[in-house]
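Right, one structure below, let's go through it.
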Amino acid sequence: MATGSSLYTQRRIKNIIALSLSVVATLIGLIFLAWILWETLRQGIGALRPQLFTKITAYGEDGGLLNAMVGSLMVNMIGIVIATPIGVLAGAWLAEYASGTKLGESIRFLNDILLSAPSIVLGLFVYTIVVLPSTSLTNGSTTFSGWAGGVALALIALPVIVRTSDEMLRLVPSTLREASLSLGIPQWKLTTQILIRAARSGIITGVLLALARISGETAPLLFTAFGNNYLTFNPSDKMSSLPQVIYQYANDPGEGLHAIAWAGAFVLTMFVLLLSLASRLVLSRNKVSHD
Amino acid sequence: MQATVGAIASSVPQEERARRDARHDRLFGWLLKGCALLVLACLLGAAGATLWGGRHAFGTFGWHFLVSDAWDPSTDTYGALVPVYGTIATSFIALLLAVPVSFGIALYLSEVAPPWLRTPVASAIELLAGIPSIIYGMWGLFIFAPFFSDHVKPWMTNYLGDKPDDGKLSWVAQHVPFVGKLFGSDYPFGASILTAGIVLAVMIIPFISSVMREVFQTVPTRLKESAYALGSSTWEVSWDIVLPYTRSAVIGGIFLGLGRALGETMAVTFVLGNAMKLSPSILDPGASIASTIANQFSEAAGLQKSTLMALAFLLFVVTFIVLLIARWMLRQLAHKEGR
């Protein structure tokens, strides 16, 4: 009896220790989250000033981030505009045409791998297929461009959009398909005008998530859009972007540039977090309307 | 009679319409399939482009490339060992730290926390995954690395390392093999392999913990209830019932985190110190494949550029294999559920 109760005490103590450690682990995660967000807020808000949005990076410490923000928006838009139609159609193929086939299953599988593939390698891929060929057209002067940056970001956005479109289309009730097909509607009309429309808010969520993901990407832009110091709206030119300027400024010894980098980091973080919040809102509103 | 004639008359355009629809359907199917195959093309293209770009380096250095720690642009000799070691060491440290913490978070969220607290805490942890990696990099460079070099590193070098400030070796450094070398450093700054590993750990915790939490929730309630009915404690249920049931998916989640850590660029570039030199100490600066490419590619030419492409190819192949294992392991649980 005595050994029985001591075993019981031992097990209870073990249980309490393990569960307390799980609380500690969660606290560690939350502390790091709070630490990172707090520093970004503190340093970023301290460095915010109107000229960030009105001046370009050419002025250095007295300048702002206008060209970087414009560049970021344009390159992101190019990426999303390329990735969205391809991603939605590929998702539709996975969900509607290829469910259960071997090719469909393997592409779904590979898409999940592309989702976590190192973005810097995708940047080098775009460097090889976009920057290098256009360089040979212009007699050897390296032609980094906003287009190349957009293509690189499209490769990163693509798997996110494919995956959400696929998942959302598979959630559409099959009665909708049967009803439409029984009316004699061809498959392409069913897909484009009924199913994609039914899964619309889910697909928009995917696009917003993809936008949030590519807005913070730096590595693939380093050798595609490259960056510049002046304001340009021409994607055939080199283009600056917010993450790339943050990277450049943070590595600079100048204290004034660090402040601008923090302000940029703050703007970028807010943008990305608001986007992921917006995507959640779109999804939850959709859920309510289905009830 | 008249109805039959009408049907025959209208069947000609109807047939035509059916043919047209079939044709459109076929074209549409090809279009969709083409879009889906682009995913495949991206993966093959990325592997092919980096292999093609790195052919010069592979051809020049051969197999020796993988084991050489040379990195000298002035004589154009390069080896992959320093960045490969840096990549593996930082990712390994990240996993070592992130796996237990992630398991703790998943355990807390699925078994311990009161139900009303679960969603907010889970969303907060997932928020960590949404923060861009460049922000981790800045935080690591300006906040964490100085904190680390002021408060953590002196303790480690003095009590564990073989190069303490006062020259007196600690008991640990004298008696425990390897530890002295591992923690010995006279590099005065916070950037190091260990710092990069810690920052990476924070980055991959949300990925691993959300996979673990998701799969823990798939464990049939009757299994857990049976164990509780036999008198098991919460910990025993988690360790002896939940974990074995979800083992393959948990390993999959860990590999998913590893895949992220291997390819992560920005956060690592900021806090790794970018030294192309092999050092046994994890408190010394180093370089990873991704950070080397990010730092040197724009200014590289000729053989150096080719070497960086070759490194990218190695990175891509290794992450592909790791992610392949991850997805395959994750799928095992889905199959189990379906059965």
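Each chain in the structure tokens gets a letter, A, B and so on, in the order shown; residues start at 1 in every chain, and ligands are counted from 1 in the order they appear.
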Using only C-alpha atoms, I'd like a table of the residues in range 255-333 of chain B that come within 12 Å of range 64-88 of chain B; for each, show the closest atom pair and its distance in Å rounded to one decimal, ordered by chain and ascending number, as a Markdown table.
```
| residue | atom | partner | partner_atom | distance |
| --- | --- | --- | --- | --- |
| B:Leu258 | CA | B:Ile88 | CA | 9.7 |
| B:Gly259 | CA | B:Ile88 | CA | 11.0 |
| B:Arg260 | CA | B:Thr87 | CA | 11.4 |
| B:Ala261 | CA | B:Thr87 | CA | 8.4 |
| B:Leu262 | CA | B:Thr87 | CA | 6.1 |
| B:Gly263 | CA | B:Thr87 | CA | 8.4 |
| B:Glu264 | CA | B:Thr87 | CA | 9.4 |
| B:Thr265 | CA | B:Thr87 | CA | 10.2 |
| B:Val268 | CA | B:Thr87 | CA | 9.4 |
| B:Thr269 | CA | B:Thr87 | CA | 11.1 |
| B:Leu272 | CA | B:Gly86 | CA | 8.7 |
| B:Gly273 | CA | B:Gly86 | CA | 10.9 |
| B:Asn274 | CA | B:Pro83 | CA | 9.4 |
| B:Ala275 | CA | B:Val82 | CA | 8.8 |
| B:Met276 | CA | B:Val82 | CA | 6.3 |
| B:Lys277 | CA | B:Val82 | CA | 6.3 |
| B:Leu278 | CA | B:Val82 | CA | 5.6 |
| B:Ser279 | CA | B:Val82 | CA | 8.9 |
| B:Pro280 | CA | B:Tyr85 | CA | 10.3 |
| B:Ser281 | CA | B:Gly86 | CA | 11.2 |
| B:Ile282 | CA | B:Gly86 | CA | 9.5 |
| B:Leu283 | CA | B:Gly86 | CA | 12.0 |
| B:Asp284 | CA | B:Gly86 | CA | 10.7 |
| B:Pro285 | CA | B:Gly86 | CA | 9.1 |
| B:Gly286 | CA | B:Gly86 | CA | 6.0 |
| B:Ala287 | CA | B:Pro83 | CA | 5.1 |
| B:Ser288 | CA | B:Pro83 | CA | 4.2 |
| B:Ile289 | CA | B:Pro83 | CA | 4.8 |
| B:Ala290 | CA | B:Thr87 | CA | 8.0 |
| B:Ser291 | CA | B:Pro83 | CA | 8.3 |
| B:Thr292 | CA | B:Pro83 | CA | 7.0 |
| B:Ile293 | CA | B:Pro83 | CA | 9.6 |
| B:Gln296 | CA | B:Pro73 | CA | 10.6 |
| B:Glu299 | CA | B:Pro73 | CA | 11.2 |
| B:Ala300 | CA | B:Pro73 | CA | 9.0 |
| B:Ala301 | CA | B:Pro73 | CA | 9.9 |
| B:Gly302 | CA | B:Asp76 | CA | 9.2 |
| B:Leu303 | CA | B:Asp76 | CA | 6.9 |
| B:Gln304 | CA | B:Asp76 | CA | 7.0 |
| B:Lys305 | CA | B:Pro73 | CA | 10.5 |
| B:Ser306 | CA | B:Tyr78 | CA | 10.2 |
| B:Thr307 | CA | B:Tyr78 | CA | 7.1 |
| B:Leu308 | CA | B:Ala80 | CA | 9.2 |
| B:Met309 | CA | B:Ala80 | CA | 11.3 |
| B:Ala310 | CA | B:Ala80 | CA | 8.9 |
| B:Leu311 | CA | B:Ala80 | CA | 6.9 |
| B:Ala312 | CA | B:Ala80 | CA | 10.5 |
| B:Phe313 | CA | B:Ala80 | CA | 11.4 |
| B:Leu314 | CA | B:Val84 | CA | 8.8 |
| B:Leu315 | CA | B:Val84 | CA | 8.4 |
| B:Val318 | CA | B:Ile88 | CA | 10.5 |
| B:Thr319 | CA | B:Thr87 | CA | 11.1 |
```
- Near Thr218 in chain A, within 10 Å and counting only C-alpha atoms, which residues show up once chain neighbours fewer than 3 positions away are dropped, as a PyMOL selection string? (chain A and resi 119-120+123+153+214-215+221-223+241-247) or (chain B and resi 132-134+265-266+294)
With N, CA and C atoms retained, write the just-selected residues as a compact mmCIF listing (two decimals), in the first residue's frame.
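Saved file result.txt follows:
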```
# COMPACT_ATOMS: atom_id res chain seq x y z
N SER A 119 12.83 30.60 -50.77
CA SER A 119 12.48 31.64 -51.73
C SER A 119 13.70 32.17 -52.46
N ILE A 120 14.87 32.06 -51.83
CA ILE A 120 16.07 32.59 -52.48
C ILE A 120 16.41 31.78 -53.73
N GLY A 123 14.23 32.89 -56.42
CA GLY A 123 14.77 34.15 -56.94
C GLY A 123 15.86 33.89 -57.97
N LEU A 153 7.96 36.94 -57.26
CA LEU A 153 6.94 36.92 -56.21
C LEU A 153 5.75 36.05 -56.63
N ILE A 214 3.96 37.53 -49.84
CA ILE A 214 4.98 38.09 -50.73
C ILE A 214 5.38 39.50 -50.32
N SER A 215 4.51 40.21 -49.57
CA SER A 215 4.88 41.58 -49.18
C SER A 215 6.12 41.60 -48.31
N LEU A 221 13.89 39.20 -54.27
CA LEU A 221 13.94 40.49 -54.98
C LEU A 221 15.36 40.99 -55.15
N LEU A 222 16.30 40.45 -54.36
CA LEU A 222 17.66 40.96 -54.38
C LEU A 222 18.30 40.86 -55.76
N PHE A 223 18.01 39.78 -56.48
CA PHE A 223 18.64 39.64 -57.81
C PHE A 223 17.61 39.67 -58.92
N SER A 241 12.14 48.07 -53.26
CA SER A 241 10.99 47.57 -52.51
C SER A 241 11.27 47.75 -51.02
N LEU A 242 10.20 47.80 -50.26
CA LEU A 242 10.32 48.09 -48.83
C LEU A 242 11.27 47.11 -48.12
N PRO A 243 11.05 45.79 -48.24
CA PRO A 243 11.95 44.87 -47.52
C PRO A 243 13.40 45.01 -47.95
N GLN A 244 13.60 45.26 -49.24
CA GLN A 244 14.97 45.34 -49.75
C GLN A 244 15.67 46.58 -49.19
N VAL A 245 14.94 47.73 -49.09
CA VAL A 245 15.54 48.93 -48.51
C VAL A 245 15.80 48.73 -47.01
N ILE A 246 14.89 48.06 -46.33
CA ILE A 246 15.10 47.78 -44.91
C ILE A 246 16.39 46.98 -44.73
N TYR A 247 16.56 45.98 -45.57
CA TYR A 247 17.75 45.12 -45.51
C TYR A 247 19.01 45.95 -45.71
N PRO B 132 6.94 39.01 -41.21
CA PRO B 132 7.92 38.79 -42.28
C PRO B 132 9.30 38.49 -41.72
N SER B 133 10.07 37.67 -42.45
CA SER B 133 11.35 37.23 -41.91
C SER B 133 12.33 38.39 -41.78
N ILE B 134 12.16 39.45 -42.57
CA ILE B 134 13.08 40.57 -42.45
C ILE B 134 12.91 41.27 -41.10
N THR B 265 16.38 32.86 -45.30
CA THR B 265 17.48 33.71 -45.72
C THR B 265 17.67 34.93 -44.84
N MET B 266 16.66 35.80 -44.83
CA MET B 266 16.87 37.14 -44.28
C MET B 266 17.21 37.12 -42.80
N ALA B 294 22.74 35.54 -50.54
CA ALA B 294 22.16 36.88 -50.41
C ALA B 294 23.26 37.94 -50.33
```
- Exercise answer, chain A residues close to chain B, 7 Å and only C-alpha atoms, as a ChimeraX atom specification: /A:15,18-19,21-23,25-26,29-30,33,36,86,89-90,93,107,110-111,113-114,116-118,120-122,125,128,186-188,216,219,223,243,250,265,269,273
Generate a file of the selected residues that holds C-alpha atoms, formatted as a compact mmCIF listing (two decimals), in the first residue's frame.
```
# COMPACT_ATOMS: atom_id res chain seq x y z
CA ASN A 15 2.17 15.19 -14.31
CA ALA A 18 5.11 18.24 -17.34
CA LEU A 19 2.00 20.41 -17.48
CA LEU A 21 6.54 22.98 -18.51
CA SER A 22 3.88 23.17 -21.21
CA VAL A 23 2.68 26.45 -19.69
CA ALA A 25 6.69 26.70 -23.35
CA THR A 26 3.58 28.66 -24.28
CA GLY A 29 6.33 31.63 -27.46
CA LEU A 30 4.15 34.53 -26.34
CA LEU A 33 5.92 37.42 -30.00
CA ILE A 36 9.33 41.34 -31.45
CA ILE A 86 -2.93 30.61 -62.88
CA LEU A 89 -7.28 27.58 -62.56
CA ALA A 90 -4.68 25.11 -61.31
CA TRP A 93 -8.06 21.46 -62.06
CA ILE A 107 0.79 17.84 -58.23
CA LEU A 110 4.44 18.92 -55.07
CA ASN A 111 2.49 22.14 -54.62
CA ILE A 113 6.50 21.32 -51.27
CA LEU A 114 6.73 24.45 -53.43
CA SER A 116 7.86 25.86 -48.31
CA ALA A 117 10.64 25.87 -50.91
CA PRO A 118 13.47 28.33 -50.17
CA ILE A 120 16.07 32.59 -52.48
CA VAL A 121 16.39 29.63 -54.86
CA LEU A 122 13.18 30.68 -56.62
CA PHE A 125 15.51 30.63 -60.91
CA THR A 128 18.15 32.70 -64.79
CA PRO A 186 -20.82 22.39 -69.95
CA GLN A 187 -18.08 21.74 -67.44
CA TRP A 188 -16.11 24.90 -68.22
CA GLY A 216 7.50 40.53 -46.65
CA ALA A 219 15.48 37.34 -50.75
CA PHE A 223 18.64 39.64 -57.81
CA PRO A 243 11.95 44.87 -47.52
CA ALA A 250 19.81 47.94 -41.45
CA ALA A 265 9.73 47.63 -40.72
CA THR A 269 4.55 44.66 -40.30
CA LEU A 273 -0.76 41.85 -40.16
```
- Message: According to DSSP computed on the backbone, where in range 94-253 of chain B is there helix (DSSP H, G or I)? Give the residues as a ChimeraX atom specification.
- Response: /B:94-112,115-130,133-159,171-175,179-183,193-216,221-229,234-245,247-253
- Contacts of range 44-60 of chain A at 8 Å or less, counting only C-alpha atoms, minus same-chain residues fewer than 2 places along, as a PyMOL selection string? chain A and resi 39-42+62-68+229-231+257+259-260+262-267
- Task: Mind checking which residues fall within 10 Å of range 158-171 of chain A, counting only C-alpha atoms, ignoring those fewer than 5 positions away in the same chain, and posting them as a PyMOL selection string?
- Result: (chain A and resi 79-80+82-96+99+108+110-116+153+191+195-211+213) or (chain B and resi 35-36+38-39+42)
- Item | Interatomic distance (Å, one decimal) between CA of His151 in chain B and CA of Tyr249 in chain A |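 For CA of His151 in chain B relative to CA of Tyr249 in chain A, the distance reads 26.5 Å.
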- Straight-line distance linking CA of Tyr228 in chain B with CA of Ser210 in chain B, stated in Å to one decimal: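 Atom-to-atom, CA of Tyr228 in chain B and CA of Ser210 in chain B are spaced 24.8 Å apart.
In this model, the gap between CA of Ala173 in chain B and CA of Thr157 in chain B comes to 9.5 Å.
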